[in-house]
Structures are given as C-alpha cells and as structure tokens.
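> Just passing along the structure, written as structure tokens.
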Amino acid sequence: MQLVASPRPAVGPGPLPHFADILRSEFCKLRTVRSTFWALLAAVVFNVAIAAVLGILLPGHTSAHTQATIDSTRVSLGGLHLSQVVVGLLGVLVISSEYGTGMIRSTLSAVPQRRQMLAAKTAVFTAAALVTGIASCFAAYFAFEVFLPSGSSMRTTLSDPGVLRAVTGAGLYLTVLGLFGLGLGAVIRSSAGAIATLLGVLFVPSILVSLLPQSWQDTVGAYLPMNAGESVITVHHQAHTLAPWPGFGVFSLYAAAALAAGFFLITHRDA
Amino acid sequence: MIEAVGLSKHYGATVAVDDLSFTVPPGQVTGFLGPNGAGKSTTMRLILGLDAPTSGSVTVGGRPYTSYRRPLFEVGALLEAKAVHGGRSAYSHLLCLALSNGIGRARVDQVLDQVGLRSVARKRSGGFSLGMGQRLGIAAALLGDPPVLMLDEPVNGLDPEGILWIRNLLKSLAAEGRTVLLSSHLMGEMSLTADRLIIVGRGRLIAQTTVQDFLSSGAGSFVRVRSPQAGALTVLLKAQGAAVALQAGDTLSITGATSDAVGELARANGFTLAELSEHQASLEDRYMELTRDYVDYRTSEDALVPGTK
C-alpha cells in the first residue's frame, strides 16, 4: 500500500503556522458551499432590483416637492433593508455552520491555531463581502439613475457632495454588518441563536428607544447600531444623527466588540 | 507515540476522564476499549486539543498536538460521528483541509482512491451513508500520511467488506511502524485487529496490556476433564493445589493447573480420560468481567426476562 503524501515540509515549533495556507483553506470553504453563492447573489439582486423599481415608480408616484427634497441617494440604496439581512446571515453562517455540522472539529484538528483560523475566516469573508457590497451598491445607484426620467429633480451624480461617500459607505456598511454577524456567530456558535441576536440588535433597540422620552431618544438614538451605521449612507444630514464617518465608526465598534469576544472565547472554550 | 499523564476532564460535576495515564507505542494497533460513556471520545478530543484537560497532559510525538504547525502530517484522526459540512462535496471537504496544511490536490485524489470514494467525490457529503461518511473521515485522516492514526469507532456503519478493509488497512499501517489507536466498544472486532489494549471505565484506566496477556490472565480460563475416575482425580488435583469443581456427572472443571499437568497426572496414576480440553475465556467474557462495575447504562436482568420472579 502506497501512502506517500506530497513532500513532507519541515515541521517544527515555529512561531507562526503558514497563514497563507490557512487563508487558502478558508477561501476553499467559503466558495464550496452553496449558501455563500445564494447569499451573495441575493444581496446583489435585492440591491439592484429594488433600486431599479424605485427609479421606475417614484417619479410618477410622489409629489414634485418630495422629489426635490428627498435624499435620493439614500433612496437608491433602499435595497439595503433586505440585502443587509442576507449578508448578516452569511457572516453568521461562515462560522456557526462549522459548529452546527461538526466541521469545526475537522477544522481545528487541521489548524489548532484557533485565532489564526478565525482571522483567516474573517479576512476571507471581509474580502467577499466588500467586493459584493461595494459593487452591488454602485450597481444599485446606477440602476436607480438609469430609470429616472431625464431632468428629474432626484438625479444626482457621483461628484455631488456626499454621494460617492454614501454609495461606497453602503458597501462598507454591508461588510461591517456581515462581520458583526461573524462575531456573534463565533460567540454564540448556534446559527439560529446568532441570527436572532443579530436581527434583534439591529431592529429591536430603535423600537425600545421610541418608548423613551424625546430628549433621551435624541441623545441615545444616534448611537444605536443601525442608526449609527446608516449615517454613512445619508447625504442629507438630519438632526440628532451622527456625522457620516463617526456614525460608521460607532457601528464598526459594535462589530469589533462582537469579533473581539469571538477571538477571546475561541481559545477559552472547548470546541 | 501518544503519552497521557494524569489526564482528567470534568464537565461541570461530571467527571468524563479521571486521572488517566497511558502510552500508545508505535508499530502496533492499540485498542481503546470501554463501555459507552467511559470517556474514550473525550480522551481523543483531549489528545487533539479540541478540549482542554482539567488537569494532566497528553503529548503526541513528545509535543502537545496544538504546538504543531502542520498537524495533519503528525496525526490523522477520525472522530466520532460526522465532522463534515454536509453541503460540501467529499472532494471539496478534503481539499479545504489539505490546503490548510499545504497539501496538494494530487494527494486528495490519492486518498479518495484509497478509501474507494472516487466515484462519489463530487457529490455532497450530506447524502452519504454512515459507511461512506466513515470512509471520508478516514480519507481525511490519511491526507498527511501521518505517523500516528487515531480512529474513534471506525467500523461503525461499515458493511462486512468495509470492516475487513479497515482491519487490514490499520494492520498494514501499524506494520509500517505507525502508531494506531483505535477505539471501540465492540470486543470481537478488537480481538481481530488490536495487539494491545487500553481499557477504560467511567473515565478511569482499568487495564493496559497486550491482547495475549489480557486473555490468559483471566479467571475465566480453565481445563475441562471427563473421566470415569473423576472422584479420585479430584482428590489428586486438589492435593497439587488446583481448584476443582464437579460439573455434570463425571466432568471436572479445573483452574490453577494446565492441561499438560492434568494429562500427565492422569497418565502417571493410570486414570482414563474421556476428554481433556483447555478453555480460554473470550475477549468478550474477560471484558464483561472487567467492566461489570463500570457500566453506566446497564439493563437489569429482571427487566430483560419478564416473569422470572
């Protein structure tokens, strides 16, 4: 029986395993399950299709005054309401599906350096989400513009103040939201639990805060995850919201906190 | 070589592994035996660093498993149940694992051939039968051509042909000088495959021995004699220090004397022997005898045979 593997590399107690190999492995995992393909495709379709539909319908169904004052860039990114859910879902699944299926035991047997594995997973997911997020947000913006009648007051160009930042920011928002999901997935490890938590953290706080006195809403509201994150896709700045990049920074902190907890726990718990 | 020293693992109040020390030497198949819940799987998880021991330590090739940069070249492991994402094909599953240790695609094809999964390599592993899943797990264990192999219940779900295949595979791997640790609760399988035994019950080490010694050390080995002069023979045997029990009619069951000694004694005294035979306890009997007190989930005999009381 012949049992010869490819040339045996030097094994030794080196400080770092081969991070490039771990990246390759994690990319292999991401591209060889169908959920990745479907989630990313759904994100693109939601972003572009909803933008196109809004571009077609809004001019004939809203008053001239509304059209002149509306934040039309943000409207063109209306597909985010749905695409953020699937990107967040994918972020969760990237790690929680390993726990759900038992794959994590194979993974950690092959790569016992758990934090490096999680770092590689995070890097690979970030790349995939960033490319899909930014490309689909630009596609959404242009789809919206294409269907607007020429001379519509809702028309903008990427060179208008804040527009390029909002469209790019939308792609970044999707990516960070996916990373938030990944962090929660690493902490909670159950797909259902992590998804419920992610959606809960995004949608529930604004409902709760609306029960508070107005002055509290004005101070606290801006710092809620979704409100903070959306400030980067807003061109017409509103009262009691954070400025675009500080808002995005606050949103990123939530994701960073979840990821940090995931990185801490992965070496402190049994697999 | 796998070495555990004072290995313990507690899950809350449950003690899964309790001060376990053992050595798994190279060049032999070592059977890791114990009733369900004895701590076999937990021990294997501790060896792989998947779980952290509460106390004690375990090394593979002299180092903790987690210190290896490319552990697939050191230990190949098949863990209990499926440790596979069912949405991935067999080929993709193996490729993703291989890449993490810098192993190429050619080797993935090789191990797929070796375990006989080539024809279904592109199918999603979620649709695999238990036996195919085991073959996929074994393929993963072989990826790095490692000197140490550790398999948890590898014959589970395999058909007779598959069982024969894994038995021969493990023996040939051990013959190449590799360390093979194989867990099972199936005694019959163990007696055919293993050279050495580590027996655990309720997380504790019960015995660490060779299969040969394990069998012959048993209180269950005895010599059976049938003779018309059974009574006189009994007196003589007892005088020589053997324990003799009279079975039906003229049949004696003797412990503490070999069949050679009994035969010689009979010839010297002119006794007629109608039967002289040596009986060895089967591995199964010895195992049951040894683990009787360690079984967690035992059926009550009364419950099994209604109406005996």
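Ordered as shown in the structure tokens, chains take letters A, B, and onward, while each chain numbers its residues from 1 and ligands are numbered from 1 in the order shown.
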List the neighbours of Thr179 of chain B out to 9 Å using only C-alpha atoms; skip same-chain residues closer than 5 positions along the sequence, and give me the result as a list in words.

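Listed by chain and then number, they are Met1, Ile2, Val24, Pro25, Pro26, Gly27, Gln28, Val29, Thr30, Pro147, Val148, Leu149, Met150, Leu173 and Ala174 of chain B.
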
> May I have the residues within 6 Å of segment 181-184 of chain B as a PyMOL selection string, using only C-alpha atoms and disregarding those fewer than 2 positions away in the same chain?

chain B and resi 30-33+150-153+186

> Kindly indicate which residue among B:Leu48, B:Leu78, B:Leu99, B:Ala13 lies nearest to Cys28 of chain A, using only C-alpha atoms for the distances.

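Of B:Leu48, B:Leu78, B:Leu99, B:Ala13, the one nearest Cys28 of chain A, counting only C-alpha atoms, is B:Leu99.
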
> Find the spatial neighbours of Gly6 of chain B, counting only C-alpha atoms, within a cut-off of 7 Å - ignore same-chain residues fewer than 6 positions away - and output them as a ChimeraX atom specification.

/B:19-21,56-57

> Just list the residues in segment 41-231 of chain A DSSP gives helix (DSSP H, G or I) on the backbone, as number ranges by chain.

A: 41-61, 64-69, 72-76, 80-101, 103-110, 114-147, 163-188, 191-209, 214-223, 225-231

> With only C-alpha atoms as the basis for distance, which of B:Leu95, B:Ala175, B:Leu112, B:Val262 is at the shortest distance from chain A?

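Among B:Leu95, B:Ala175, B:Leu112, B:Val262, it is B:Leu95 that comes nearest to chain A.
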
> For Glu98 of chain A, find every residue with an atom within 9 Å (counting only C-alpha atoms), except residues of its own chain fewer than 4 positions away, and show them as a ChimeraX atom specification.

/A:93-94,102-105,107,189 /B:83-85

> Output N, CA and C atoms for every residue in the selection just made, as a short mmCIF file (atom, residue, chain, number, x, y, z; two decimals), in the first residue's frame.


```
data_model
loop_
_atom_site.label_atom_id
_atom_site.label_comp_id
_atom_site.auth_asym_id
_atom_site.auth_seq_id
_atom_site.Cartn_x
_atom_site.Cartn_y
_atom_site.Cartn_z
N LEU A 93 -23.28 32.41 9.34
CA LEU A 93 -23.15 31.02 8.89
C LEU A 93 -21.70 30.59 8.65
N VAL A 94 -20.88 31.55 8.23
CA VAL A 94 -19.49 31.25 7.93
C VAL A 94 -18.83 30.52 9.11
N GLY A 102 -20.39 20.06 12.89
CA GLY A 102 -19.28 19.31 13.45
C GLY A 102 -17.99 19.52 12.68
N MET A 103 -18.08 20.27 11.58
CA MET A 103 -16.90 20.57 10.76
C MET A 103 -15.80 21.22 11.59
N ILE A 104 -16.20 21.96 12.63
CA ILE A 104 -15.22 22.69 13.44
C ILE A 104 -14.17 21.74 14.00
N ARG A 105 -14.57 20.48 14.29
CA ARG A 105 -13.59 19.53 14.85
C ARG A 105 -12.54 19.16 13.81
N THR A 107 -11.77 21.15 11.29
CA THR A 107 -11.04 22.40 11.06
C THR A 107 -9.95 22.59 12.11
N ARG A 189 -22.27 30.53 18.45
CA ARG A 189 -22.00 29.22 17.85
C ARG A 189 -23.22 28.49 17.30
N ALA B 83 -17.76 14.90 11.11
CA ALA B 83 -17.19 16.22 11.35
C ALA B 83 -17.01 16.88 9.99
N VAL B 84 -18.11 16.93 9.27
CA VAL B 84 -18.10 17.36 7.88
C VAL B 84 -19.30 18.27 7.63
N HIS B 85 -19.11 19.31 6.82
CA HIS B 85 -20.23 20.14 6.39
C HIS B 85 -20.93 19.41 5.26
#
```
